[in-house]
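Structure record follows, encoded as structure tokens.
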Amino acid sequence: MELYKENQLKVYNSLSKKKENFKSITEGYVGMYVCGPTVYSNAHLGNVRTFMFFDVVYRYLMHLGYKVRYVRNITDAGHLENDAEEGEDKIAKKARLEQIEPMEVVQRYTLDFHDVLKNYNFLPPSIEPTATGHIVEQIEMIKEIIEKGFAYEVNGSVYFDVLEYNKKENYGILSGRKVEDLLNNTRNLDGQSDKKNPQDFALWKRADERHIMRWPSPWSDGFPGWHLECSVMSTKYLGESFDIHGGGMDLKFPHHECEIAQSKICSGVTPVNYWMHTNMLSLNGQRMAKSSGNFILPNEILTGENSLLPKAFSASVVRFFNMQANYRSILDFSGEALEASEKGHSKLMEALSFLDKIVSSEISTFDVQKWKKDCYSAMNDDFNTPILISHLFEAVKTINLLKEQKASLTVSDLKELKTTLEAFVFDVLGLINENSQDNSGKINGVVELLIKLRKEARENKNWALSDQIRDELIALGIQLKDGKEGTTYLIN
Ligand SMILES: [Zn+2]
């Protein structure tokens, strides 16, 4: 039986602001869309937190036996300088400043993004569509919204009519904002706008002469509004209604609110059943910002090349650090916090490395079944990774007691403990036992070298040296065994 049938997952839905029982639209299948990066600069550590959490969601859903289609887009056009409706396209601006083609900007930072994800052991999504690859579909969606009476054209640009939509639907259903309040907030900024009402948002923008990224459309040579691509690509690959939509909480408004409005007008149905939003990441207690110097690039953590860090940290330690916090809480990133995580991470990995050396007993002094249930309960409770980690450390404690022979496990319990622990640590959390992988080969090499030297000593009848090598290895917990085939060894 698939694990999802015996594990009732609960998801905190940002739409209802409640934890809800998760039920997928089609049994056994999950459709998940996560808003990807705008590729005009290096991957941001805050975004990495968001994508890392959804990587764990993806991994856990698959662990439960769901077939998951995970779509995470690349925004390579349409994201304007300020998230409101004015300003320059972020990618076009970067291209202009650096005197390169916009697609060079896109290529450079898409490669950087993928490099970071690979370094941090992310699973690739099922589909990674781009905004520029879906211009035709975006134009079709705009036509449909105009036909239905919820968008209008002014001077070659097309805007979504928020007030018209709000007569029939609830614009603000996700963010809790009221259309009237939005009017007060936006009035001053939008003096020059073509819009009928300041709350309206762009579906298509006419490109001015210096704007290089432009496509022909029935209204003008221009480019699509940022919110539109996600409605188009989620509908195209996951259907009019799908299970999970995720992103950072800064995207709740206006981006996700606009997505709901666009999709609902076209399909008539609620597009997303569960909205999930990750909280922010601060750095040394303050907002991370390049301009203030309070800023770290994800790859700098791996090399230690940033004065805000005491040293380099492994990708798995950073992952572990991220998962020690609940995704809905603000997480403060600092060198000290990473050092603390590094200690915990190595304790966990040491325990895992020791598992193979444990000898089973007749009785168990640790309730493995209850522990396993607790691990699943933590993840089933809205992917509560910090609680999961606290349970993983109960297992670490038991393994350390087993090491000192102060605890015992039966063959089947030992097997269950190992399988479950490895599944959560490696498959679900995506951690890597870097020490064991790196060092086991080196240790083998060193022991083989000592075996060779001892053999030479014996051939030269240098018994004192050969005994010394054997005895000192025993003191380190490495036992040599002489046999017909040569000398083998056992690490205790
Ligand atoms: Zn999006």
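Residues in the structure tokens are numbered from 1 in each chain, the chains being A, B, ... in the order shown, and ligands are numbered from 1 in the order shown.
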
Inset, instruction - Please provide as a PyMOL selection string all residues within 9 Å of segment 386-402 of chain A, with the sequence filter that same-chain residues fewer than 4 positions apart are discarded (counting only C-alpha atoms). - result: chain A and resi 320+323-326+344+347-348+350-352+354-355+358-359+365-366+368+371-372+374-379+406-409+417+421+424-425

Keeping only N, CA and C atoms, write the selected residues to a file as an mmCIF file, in the first residue's frame.
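What follows is the written file again22.cif:
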data_model
loop_
_atom_site.group_PDB
_atom_site.id
_atom_site.type_symbol
_atom_site.label_atom_id
_atom_site.label_comp_id
_atom_site.auth_asym_id
_atom_site.auth_seq_id
_atom_site.Cartn_x
_atom_site.Cartn_y
_atom_site.Cartn_z
ATOM 1 N N PHE A 320 20.613 21.514 6.388
ATOM 2 C CA PHE A 320 20.237 21.118 7.748
ATOM 3 C C PHE A 320 19.806 22.348 8.544
ATOM 4 N N MET A 323 16.397 23.506 7.523
ATOM 5 C CA MET A 323 15.320 22.612 7.933
ATOM 6 C C MET A 323 15.113 22.609 9.448
ATOM 7 N N GLN A 324 16.062 23.215 10.190
ATOM 8 C CA GLN A 324 15.876 23.314 11.641
ATOM 9 C C GLN A 324 14.841 24.372 12.006
ATOM 10 N N ALA A 325 14.425 25.174 11.022
ATOM 11 C CA ALA A 325 13.398 26.191 11.267
ATOM 12 C C ALA A 325 12.126 25.807 10.525
ATOM 13 N N ASN A 326 10.998 26.184 11.074
ATOM 14 C CA ASN A 326 9.735 25.971 10.372
ATOM 15 C C ASN A 326 9.654 26.954 9.204
ATOM 16 N N GLY A 344 25.538 19.789 15.018
ATOM 17 C CA GLY A 344 24.401 18.862 14.992
ATOM 18 C C GLY A 344 24.453 17.951 13.783
ATOM 19 N N LYS A 347 27.009 15.204 14.238
ATOM 20 C CA LYS A 347 26.522 14.179 15.176
ATOM 21 C C LYS A 347 25.575 13.213 14.466
ATOM 22 N N LEU A 348 24.698 13.802 13.653
ATOM 23 C CA LEU A 348 23.724 12.989 12.917
ATOM 24 C C LEU A 348 24.436 12.056 11.942
ATOM 25 N N GLU A 350 27.617 11.077 11.997
ATOM 26 C CA GLU A 350 28.439 10.084 12.705
ATOM 27 C C GLU A 350 27.572 8.902 13.126
ATOM 28 N N ALA A 351 26.390 9.207 13.642
ATOM 29 C CA ALA A 351 25.478 8.140 14.072
ATOM 30 C C ALA A 351 25.098 7.269 12.871
ATOM 31 N N LEU A 352 24.801 7.919 11.745
ATOM 32 C CA LEU A 352 24.427 7.159 10.536
ATOM 33 C C LEU A 352 25.572 6.259 10.070
ATOM 34 N N PHE A 354 27.751 4.919 11.887
ATOM 35 C CA PHE A 354 27.985 3.846 12.841
ATOM 36 C C PHE A 354 26.943 2.724 12.723
ATOM 37 N N LEU A 355 25.791 3.040 12.108
ATOM 38 C CA LEU A 355 24.669 2.090 12.067
ATOM 39 C C LEU A 355 25.054 0.693 11.582
ATOM 40 N N ILE A 358 26.529 -1.861 14.166
ATOM 41 C CA ILE A 358 25.784 -2.295 15.356
ATOM 42 C C ILE A 358 25.392 -3.765 15.220
ATOM 43 N N VAL A 359 25.607 -4.492 16.302
ATOM 44 C CA VAL A 359 25.230 -5.907 16.326
ATOM 45 C C VAL A 359 23.861 -6.002 17.002
ATOM 46 N N THR A 365 15.502 -2.136 23.372
ATOM 47 C CA THR A 365 15.248 -1.219 24.495
ATOM 48 C C THR A 365 14.719 0.127 23.977
ATOM 49 N N PHE A 366 14.490 0.215 22.660
ATOM 50 C CA PHE A 366 13.996 1.468 22.062
ATOM 51 C C PHE A 366 12.796 1.124 21.189
ATOM 52 N N VAL A 368 11.112 1.424 18.267
ATOM 53 C CA VAL A 368 11.364 1.914 16.906
ATOM 54 C C VAL A 368 10.051 2.255 16.188
ATOM 55 N N TRP A 371 8.780 5.577 17.360
ATOM 56 C CA TRP A 371 9.679 6.628 16.864
ATOM 57 C C TRP A 371 9.408 6.919 15.376
ATOM 58 N N LYS A 372 9.233 5.833 14.621
ATOM 59 C CA LYS A 372 8.966 5.980 13.187
ATOM 60 C C LYS A 372 7.659 6.756 12.965
ATOM 61 N N ASP A 374 6.315 8.874 14.977
ATOM 62 C CA ASP A 374 6.545 10.280 15.340
ATOM 63 C C ASP A 374 7.204 11.051 14.194
ATOM 64 N N CYS A 375 8.133 10.406 13.500
ATOM 65 C CA CYS A 375 8.808 11.062 12.364
ATOM 66 C C CYS A 375 7.785 11.410 11.280
ATOM 67 N N TYR A 376 6.942 10.441 10.953
ATOM 68 C CA TYR A 376 5.918 10.704 9.933
ATOM 69 C C TYR A 376 4.921 11.760 10.402
ATOM 70 N N SER A 377 4.532 11.684 11.690
ATOM 71 C CA SER A 377 3.564 12.672 12.198
ATOM 72 C C SER A 377 4.114 14.087 12.048
ATOM 73 N N ALA A 378 5.416 14.254 12.303
ATOM 74 C CA ALA A 378 6.014 15.588 12.186
ATOM 75 C C ALA A 378 5.893 16.095 10.755
ATOM 76 N N MET A 379 6.239 15.265 9.784
ATOM 77 C CA MET A 379 6.161 15.701 8.381
ATOM 78 C C MET A 379 4.712 15.847 7.928
ATOM 79 N N LYS A 406 24.801 0.215 25.919
ATOM 80 C CA LYS A 406 23.848 0.528 26.991
ATOM 81 C C LYS A 406 22.418 0.421 26.486
ATOM 82 N N ALA A 407 22.289 -0.010 25.226
ATOM 83 C CA ALA A 407 20.956 -0.212 24.650
ATOM 84 C C ALA A 407 21.057 -1.389 23.693
ATOM 85 N N SER A 408 19.913 -1.928 23.289
ATOM 86 C CA SER A 408 19.954 -3.043 22.337
ATOM 87 C C SER A 408 18.744 -3.000 21.407
ATOM 88 N N LEU A 409 18.900 -3.591 20.224
ATOM 89 C CA LEU A 409 17.815 -3.651 19.232
ATOM 90 C C LEU A 409 17.792 -5.025 18.584
ATOM 91 N N LEU A 417 15.036 0.892 11.899
ATOM 92 C CA LEU A 417 15.646 2.156 12.325
ATOM 93 C C LEU A 417 16.542 2.704 11.219
ATOM 94 N N LEU A 421 15.616 6.053 9.169
ATOM 95 C CA LEU A 421 16.540 7.169 9.385
ATOM 96 C C LEU A 421 17.160 7.610 8.055
ATOM 97 N N PHE A 424 14.564 9.490 5.810
ATOM 98 C CA PHE A 424 14.287 10.887 6.179
ATOM 99 C C PHE A 424 15.504 11.785 5.961
ATOM 100 N N VAL A 425 16.677 11.292 6.322
ATOM 101 C CA VAL A 425 17.868 12.149 6.226
ATOM 102 C C VAL A 425 18.262 12.391 4.761
#

Inset, instruction - Just the residues within 9 Å of segment 294-311 of chain A, please, counting only C-alpha atoms, with nothing from its chain fewer than 3 positions along; format it as a PyMOL selection string. - result: chain A and resi 42-45+48+115-116+119-120+283-284+286-291+314-315+318+334-336+339

Inset, instruction - For each of A:Ile135, A:Val317, A:Leu251, A:Leu15, take the minimum atom-to-atom distance to ligand 1, counting only C-alpha atoms and all ligand atoms, then give the residue where this is smallest. - result: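 Once distances to ligand 1 are computed over only C-alpha atoms and all ligand atoms, the minimum belongs to A:Leu251.
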
Inset, instruction - Using DSSP on the backbone coordinates, identify the residues of segment 40-82 of chain A assigned to strand (DSSP E); present them as a PyMOL selection string. - result: chain A and resi 67-72

Just N, CA and C atoms for this one: save the residues we selected as an mmCIF file, in the first residue's frame.
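Generated output (result12.cif):
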data_model
loop_
_atom_site.group_PDB
_atom_site.id
_atom_site.type_symbol
_atom_site.label_atom_id
_atom_site.label_comp_id
_atom_site.auth_asym_id
_atom_site.auth_seq_id
_atom_site.Cartn_x
_atom_site.Cartn_y
_atom_site.Cartn_z
ATOM 1 N N LYS A 67 2.688 10.418 -7.339
ATOM 2 C CA LYS A 67 3.365 10.815 -8.575
ATOM 3 C C LYS A 67 3.185 12.325 -8.658
ATOM 4 N N VAL A 68 4.292 13.049 -8.649
ATOM 5 C CA VAL A 68 4.210 14.509 -8.558
ATOM 6 C C VAL A 68 4.674 15.147 -9.861
ATOM 7 N N ARG A 69 3.862 16.062 -10.391
ATOM 8 C CA ARG A 69 4.364 16.910 -11.478
ATOM 9 C C ARG A 69 4.668 18.259 -10.849
ATOM 10 N N TYR A 70 5.952 18.574 -10.803
ATOM 11 C CA TYR A 70 6.413 19.789 -10.134
ATOM 12 C C TYR A 70 6.881 20.769 -11.210
ATOM 13 N N VAL A 71 6.166 21.886 -11.300
ATOM 14 C CA VAL A 71 6.490 22.910 -12.299
ATOM 15 C C VAL A 71 7.059 24.139 -11.587
ATOM 16 N N ARG A 72 8.255 24.533 -11.957
ATOM 17 C CA ARG A 72 8.855 25.752 -11.394
ATOM 18 C C ARG A 72 9.387 26.571 -12.568
#

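With only C-alpha atoms and all ligand atoms as the atoms that count, the set of residues no farther than 9 Å from ligand 1 is Tyr33, Val34, Cys35, Gly36, Pro37, Arg72, Asn73, Thr75, Trp226, His227, Leu228, Glu229, Cys230, Ser231, Ser234, Gly246, Gly247, Leu251, His255, His256 and Glu259 of chain A.
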
Output for the residues just chosen: C-alpha atoms as a CSV table (one decimal), in the first residue's frame:
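And here is the file that came out, result.csv:
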chain,number,residue,atom,x,y,z
A,33,TYR,CA,3.6,25.0,-9.1
A,34,VAL,CA,6.2,27.1,-7.5
A,35,CYS,CA,7.1,30.6,-8.8
A,36,GLY,CA,10.7,30.5,-9.9
A,37,PRO,CA,13.4,33.2,-10.0
A,72,ARG,CA,8.9,25.8,-11.4
A,73,ASN,CA,9.2,28.5,-13.9
A,75,THR,CA,10.9,34.5,-15.3
A,226,TRP,CA,4.7,39.5,-15.0
A,227,HIS,CA,1.6,37.9,-13.3
A,228,LEU,CA,0.3,36.5,-16.5
A,229,GLU,CA,3.0,33.9,-17.2
A,230,CYS,CA,2.3,31.9,-14.0
A,231,SER,CA,-1.4,31.7,-14.8
A,234,SER,CA,0.4,26.5,-14.4
A,246,GLY,CA,3.9,27.8,-3.6
A,247,GLY,CA,6.2,30.8,-3.3
A,251,LEU,CA,4.6,37.1,-3.7
A,255,HIS,CA,1.6,38.4,-7.8
A,256,HIS,CA,-0.5,35.5,-6.5
A,259,GLU,CA,-2.8,35.0,-10.8

Legend entry - Among listed residues A:Ser220, A:Ser24, A:Ser292, A:Thr38, nearest Asn273 of chain A (using only C-alpha atoms):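 The closest residue to Asn273 of chain A is A:Ser24.
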
Inset, instruction - Tell me, in Å to one decimal, how far atom CA of Arg328 of chain A is from atom CA of Met280 of chain A. - result: 8.4 Å

Legend entry - Counting only C-alpha atoms, the residue of A:Glu180, A:Ile145, A:Tyr40, A:Glu20 that sits nearest Leu111 of chain A: A:Tyr40

At a cut-off of 9 Å, using only C-alpha atoms, what residues contact Leu174 of chain A? Leave out same-chain residues fewer than 3 positions from it and give the result as a PDB file with C-alpha atoms, in the first residue's frame.
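Final output, selection_25.pdb:
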ATOM      1  CA  SER A  14      -2.573  30.535   3.106  1.00  0.00           C
ATOM      2  CA  LEU A  15      -5.992  30.970   1.477  1.00  0.00           C
ATOM      3  CA  SER A  16      -8.038  29.722   4.458  1.00  0.00           C
ATOM      4  CA  TYR A 171      -9.928  40.496  -5.283  1.00  0.00           C
ATOM      5  CA  ARG A 177      -6.391  43.330   1.118  1.00  0.00           C
ATOM      6  CA  LYS A 252       1.210  36.783  -2.048  1.00  0.00           C
ATOM      7  CA  PHE A 253       0.389  40.289  -3.168  1.00  0.00           C
ATOM      8  CA  HIS A 256      -0.522  35.518  -6.509  1.00  0.00           C
ATOM      9  CA  GLU A 257      -3.662  37.597  -6.023  1.00  0.00           C
ATOM     10  CA  ILE A 260      -6.027  33.895  -9.041  1.00  0.00           C
ATOM     11  CA  TRP A 275      -1.516  27.938  -1.334  1.00  0.00           C
TER      12      TRP A 275
END

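With only C-alpha atoms as the atoms that count, the residue of A:Ala95, A:Val39, A:Met1, A:Val11 with the shortest distance to Asp381 of chain A is A:Val11.
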